[in-house]
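J.: Could you have a look at this structure, given as structure tokens, before my questions?
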Amino acid sequence: MARKRKPSGRLPDKGRRLGRRAVAQREPRPVFLIVCEGKQTEPNYFRGFRVNAVVVEVVGVGRSPRGVVAEAERLSEGKGYTETWVVFDKDDFTAEEFNGAVEQAQREGFGVAYSNQAFELWYVLHFDYHDTSLSRRQYQKILSQKLGRAYRKNDLSLYDDLLERQQTAIGNAQRLLDSYVRHNPAQDDPCTTVHELVRKLNECAD
């Protein structure tokens with residue numbers, strides 16, 4: 001009579017494979033930190049992005065360019081963010097302050113989305129290529145004309161209202177950036193690198 005085998009206590013190969021799949025955990029999504037100079041305009045815009053592949057945390061700090069970078073350093077320290085970006089404008093800050101903030105951010109490995117003079121340049125580029133130096137107030141006047149309503153910094157609908165023109169803005173911003181032979185953020189007026197952050201977020205939309 002054939003002897004009965006004692007149970008080995010081991011799962012057959014198929015069972016072991018299923019068991020391993022059952023306990024496997026889904027990889028966590030990458031997390032982006034975006035630290036903005038303004039407390040309304042920039043944060044409201046970047047919170048409008050529909051990104052599925054990453055988690056995006058947007059913070060508005062209301063500080064100078066160097067202050068934005070310092071806050072990004074503080075917030076990101078030991079947090080393991082996949083990418084950290086800083087967003088700030090030239091406005092009336094000195095060249096030393098502005099360029100120093102860009103260089104400091106780059107040393108830290110942060111992405112830099114700067115605008116000279118103002119973030120509103122990025123909005124204007126959704127409508128036309130623009131290479132004339134203007135103040136923030138002048139950009140706002142142009143936007144009111146283009147939008148057909150008074151431009152408001154805290155307008156929560158701007159991302160959606162401008163979305164269909166976004167690729168035009170990216171192309172215009174890149175063309176403007178490429179028009180400067182030797183890049184000097186404080187002297188390249190007008191100029192913006194906001195489109196680089198926008199491209200990165202769009203890559204995470206699917």
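Residue names in the structure tokens use chain letters A, B, ... in the order shown, residue numbers from 1 in each chain, and ligand numbers from 1 in the order shown.
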Would you mind listing what lies within 7 Å of range 37-49 of chain A as an MDAnalysis selection string, with only C-alpha atoms counted and same-chain residues fewer than 6 positions away left out?

T.: chainID A and resid 58:65 68 87:88 153:154 156 158:159

J.: Go ahead and write the selection's residues with C-alpha atoms as a PDB file, in the first residue's frame.

T.:
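Generated output (part26.pdb):
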ATOM      1  CA  VAL A  58       0.799  74.207  -2.769  1.00  0.00           C
ATOM      2  CA  VAL A  59       1.791  76.788  -0.165  1.00  0.00           C
ATOM      3  CA  GLY A  60       1.618  80.599  -0.432  1.00  0.00           C
ATOM      4  CA  VAL A  61       3.991  82.356   1.963  1.00  0.00           C
ATOM      5  CA  GLY A  62       3.902  86.065   1.098  1.00  0.00           C
ATOM      6  CA  ARG A  63       7.677  86.573   1.293  1.00  0.00           C
ATOM      7  CA  SER A  64      10.591  87.898  -0.766  1.00  0.00           C
ATOM      8  CA  PRO A  65      12.218  85.594  -3.343  1.00  0.00           C
ATOM      9  CA  VAL A  68      10.345  81.770  -0.548  1.00  0.00           C
ATOM     10  CA  VAL A  87       7.480  80.386  -7.602  1.00  0.00           C
ATOM     11  CA  PHE A  88       8.319  84.073  -7.288  1.00  0.00           C
ATOM     12  CA  LYS A 153      -5.797  88.181  -8.256  1.00  0.00           C
ATOM     13  CA  ASN A 154      -7.962  85.830  -6.183  1.00  0.00           C
ATOM     14  CA  LEU A 156     -10.488  80.868  -8.682  1.00  0.00           C
ATOM     15  CA  LEU A 158      -8.582  81.509 -14.122  1.00  0.00           C
ATOM     16  CA  TYR A 159      -7.062  78.055 -14.568  1.00  0.00           C
TER      17      TYR A 159
END

J.: Which neighbours of Arg199 in chain A fall inside 9 Å, counting only C-alpha atoms, when residues of the same chain fewer than 5 positions from it are skipped, and could you give them as number ranges by chain?

T.: A: 170, 194, 204

J.: Go ahead and save the picked residues with N, CA and C atoms, as an mmCIF file, in the first residue's frame.

T.:
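Written output follows (again.cif):
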data_model
loop_
_atom_site.group_PDB
_atom_site.id
_atom_site.type_symbol
_atom_site.label_atom_id
_atom_site.label_comp_id
_atom_site.auth_asym_id
_atom_site.auth_seq_id
_atom_site.Cartn_x
_atom_site.Cartn_y
_atom_site.Cartn_z
ATOM 1 N N ILE A 170 2.538 78.126 -23.327
ATOM 2 C CA ILE A 170 3.802 77.387 -23.190
ATOM 3 C C ILE A 170 4.737 77.729 -24.342
ATOM 4 N N VAL A 194 7.565 79.841 -15.757
ATOM 5 C CA VAL A 194 6.390 79.159 -15.205
ATOM 6 C C VAL A 194 5.986 77.979 -16.086
ATOM 7 N N CYS A 204 2.027 64.717 -15.355
ATOM 8 C CA CYS A 204 1.466 63.910 -14.269
ATOM 9 C C CYS A 204 -0.057 63.842 -14.324
#

J.: Have a look at CA of Ser76 in chain A and CA of Leu33 in chain A and let me know their distance in Å, one decimal.

T.: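 We find that CA of Ser76 in chain A and CA of Leu33 in chain A lie 7.6 Å from each other.
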
J.: Could you go through chain A and tell me which residues DSSP, when run on the backbone, assigns to strand (DSSP E or B), listing them as a ChimeraX atom specification?

T.: /A:31-36,55-60,83-89,111-116,191-192

J.: Would you save the residues from that selection as a compact mmCIF listing (two decimals), in the first residue's frame, using N, CA and C atoms?

T.:
# COMPACT_ATOMS: atom_id res chain seq x y z
N VAL A 31 5.17 63.00 -4.56
CA VAL A 31 4.58 64.20 -3.95
C VAL A 31 5.41 65.42 -4.36
N PHE A 32 4.74 66.42 -4.95
CA PHE A 32 5.38 67.68 -5.32
C PHE A 32 5.04 68.74 -4.28
N LEU A 33 6.02 69.54 -3.92
CA LEU A 33 5.80 70.71 -3.08
C LEU A 33 6.04 71.95 -3.93
N ILE A 34 5.05 72.85 -3.95
CA ILE A 34 5.17 74.11 -4.69
C ILE A 34 5.01 75.25 -3.69
N VAL A 35 6.07 76.02 -3.50
CA VAL A 35 6.06 77.13 -2.54
C VAL A 35 6.04 78.44 -3.32
N CYS A 36 5.00 79.23 -3.12
CA CYS A 36 4.77 80.44 -3.91
C CYS A 36 4.99 81.70 -3.09
N VAL A 55 0.77 63.68 -5.96
CA VAL A 55 0.10 64.53 -4.98
C VAL A 55 0.81 65.88 -5.03
N VAL A 56 0.05 66.96 -5.11
CA VAL A 56 0.64 68.30 -5.20
C VAL A 56 0.23 69.10 -3.96
N GLU A 57 1.21 69.58 -3.24
CA GLU A 57 0.97 70.46 -2.09
C GLU A 57 1.42 71.86 -2.45
N VAL A 58 0.51 72.83 -2.38
CA VAL A 58 0.80 74.21 -2.77
C VAL A 58 0.71 75.10 -1.54
N VAL A 59 1.74 75.91 -1.33
CA VAL A 59 1.79 76.79 -0.16
C VAL A 59 2.10 78.21 -0.64
N GLY A 60 1.34 79.19 -0.17
CA GLY A 60 1.62 80.60 -0.43
C GLY A 60 2.15 81.24 0.83
N GLU A 83 9.71 66.24 -5.78
CA GLU A 83 10.21 67.47 -6.36
C GLU A 83 9.71 68.66 -5.54
N THR A 84 10.56 69.66 -5.41
CA THR A 84 10.18 70.91 -4.77
C THR A 84 10.39 72.05 -5.76
N TRP A 85 9.37 72.90 -5.90
CA TRP A 85 9.43 74.04 -6.80
C TRP A 85 9.19 75.32 -6.02
N VAL A 86 9.84 76.40 -6.45
CA VAL A 86 9.58 77.72 -5.88
C VAL A 86 9.06 78.62 -7.00
N VAL A 87 8.13 79.50 -6.64
CA VAL A 87 7.48 80.39 -7.60
C VAL A 87 7.55 81.80 -7.05
N PHE A 88 8.23 82.69 -7.76
CA PHE A 88 8.32 84.07 -7.29
C PHE A 88 8.55 85.03 -8.46
N ASP A 89 8.33 86.34 -8.18
CA ASP A 89 8.41 87.38 -9.20
C ASP A 89 9.56 88.34 -8.92
N GLY A 111 13.14 73.15 -8.47
CA GLY A 111 12.71 73.76 -9.71
C GLY A 111 12.36 75.21 -9.45
N VAL A 112 12.60 76.08 -10.43
CA VAL A 112 12.35 77.52 -10.25
C VAL A 112 11.41 78.01 -11.33
N ALA A 113 10.25 78.52 -10.93
CA ALA A 113 9.28 79.11 -11.85
C ALA A 113 9.21 80.60 -11.51
N TYR A 114 10.10 81.37 -12.14
CA TYR A 114 10.13 82.81 -11.84
C TYR A 114 9.47 83.60 -12.95
N SER A 115 9.12 84.83 -12.64
CA SER A 115 8.56 85.74 -13.64
C SER A 115 9.18 87.12 -13.45
N ASN A 116 9.53 87.74 -14.55
CA ASN A 116 10.05 89.10 -14.54
C ASN A 116 9.22 89.90 -15.55
N CYS A 191 10.20 87.98 -18.96
CA CYS A 191 10.57 86.58 -19.09
C CYS A 191 9.87 85.77 -17.99
N THR A 192 9.65 84.51 -18.26
CA THR A 192 9.06 83.63 -17.25
C THR A 192 9.49 82.19 -17.50

J.: Restricting the calculation to only C-alpha atoms: of A:Asn172, A:Asn202, A:Asn99, A:Ser144, which residue gets closest to Leu125 in chain A?

T.: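 Among the listed residues, A:Asn172 lies closest to Leu125 in chain A.
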
J.: In Å, with one decimal, what is the gap from CA of Gln145 in chain A to CA of Asp91 in chain A?

T.: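 For CA of Gln145 in chain A relative to CA of Asp91 in chain A, the distance reads 22.0 Å.
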
J.: Rank A:Leu177, A:Ala186, A:Val51, A:Ala205 by their smallest atom-to-atom distance to Gln117 in chain A, using only C-alpha atoms, and report the top residue only.

T.: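 Of A:Leu177, A:Ala186, A:Val51, A:Ala205, the one nearest Gln117 in chain A is A:Ala186, counting only C-alpha atoms.
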
J.: Any idea what's packed within 10 Å of Leu147 in chain A, counting only C-alpha atoms, ignoring anything in its chain fewer than 4 positions away? Could you give it as an NGL selection string?

T.: :A and (124 or 127 or 142-143 or 151 or 158 or 161-162)

J.: Hey, can you spit out that residue selection with C-alpha atoms as a CSV table (one decimal), in the first residue's frame?

T.:
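That gives us selection.csv:
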chain,number,residue,atom,x,y,z
A,124,VAL,CA,-0.9,87.4,-20.9
A,127,PHE,CA,-3.4,85.3,-25.6
A,142,ILE,CA,-4.3,93.8,-20.5
A,143,LEU,CA,-5.8,90.8,-18.8
A,151,TYR,CA,-9.0,90.8,-13.6
A,158,LEU,CA,-8.6,81.5,-14.1
A,161,ASP,CA,-10.8,79.9,-18.2
A,162,LEU,CA,-7.3,79.8,-19.7

J.: Which of these residues is nearest to Trp122 in chain A, using only C-alpha atoms: A:Ala173, A:Val102, A:Ala70, A:Ala95?

T.: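 Using only C-alpha atoms, the shortest distance to Trp122 in chain A belongs to A:Ala173.
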
J.: Can you check which residues of range 86-164 of chain A DSSP gives as helix (DSSP H, G or I) on the backbone and send them as a PyMOL selection string?

T.: chain A and resi 95-107+120-124+136-147+158-164

J.: Separation of CA of Asp155 in chain A and CA of Tyr123 in chain A, in Å?

T.: 12.4 Å

J.: Which residue gives the smallest distance to Glu108 in chain A among A:Leu134, A:Gly80, A:Thr94, A:Val69, with only C-alpha atoms counted?

T.: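 The answer is A:Val69, which sits nearest to Glu108 in chain A.
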
J.: Write out as a tab-separated table (two decimals) with C-alpha atoms, in the first residue's frame which residues come within 8 Å of Arg66 in chain A when counting only C-alpha atoms, dropping same-chain ones fewer than 5 positions away.

T.:
chain	number	residue	atom	x	y	z
A	97	GLU	CA	17.86	89.49	-4.31
A	98	PHE	CA	16.19	88.01	-7.38
A	100	GLY	CA	20.41	85.21	-5.58
A	101	ALA	CA	17.09	83.44	-4.94
A	104	GLN	CA	20.03	79.43	-4.09

J.: Closest to Gln187 in chain A among A:Tyr139, A:Phe93, A:Phe119, A:Phe110, using only C-alpha atoms?

T.: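 Under the stated criterion, the closest residue is A:Phe93.
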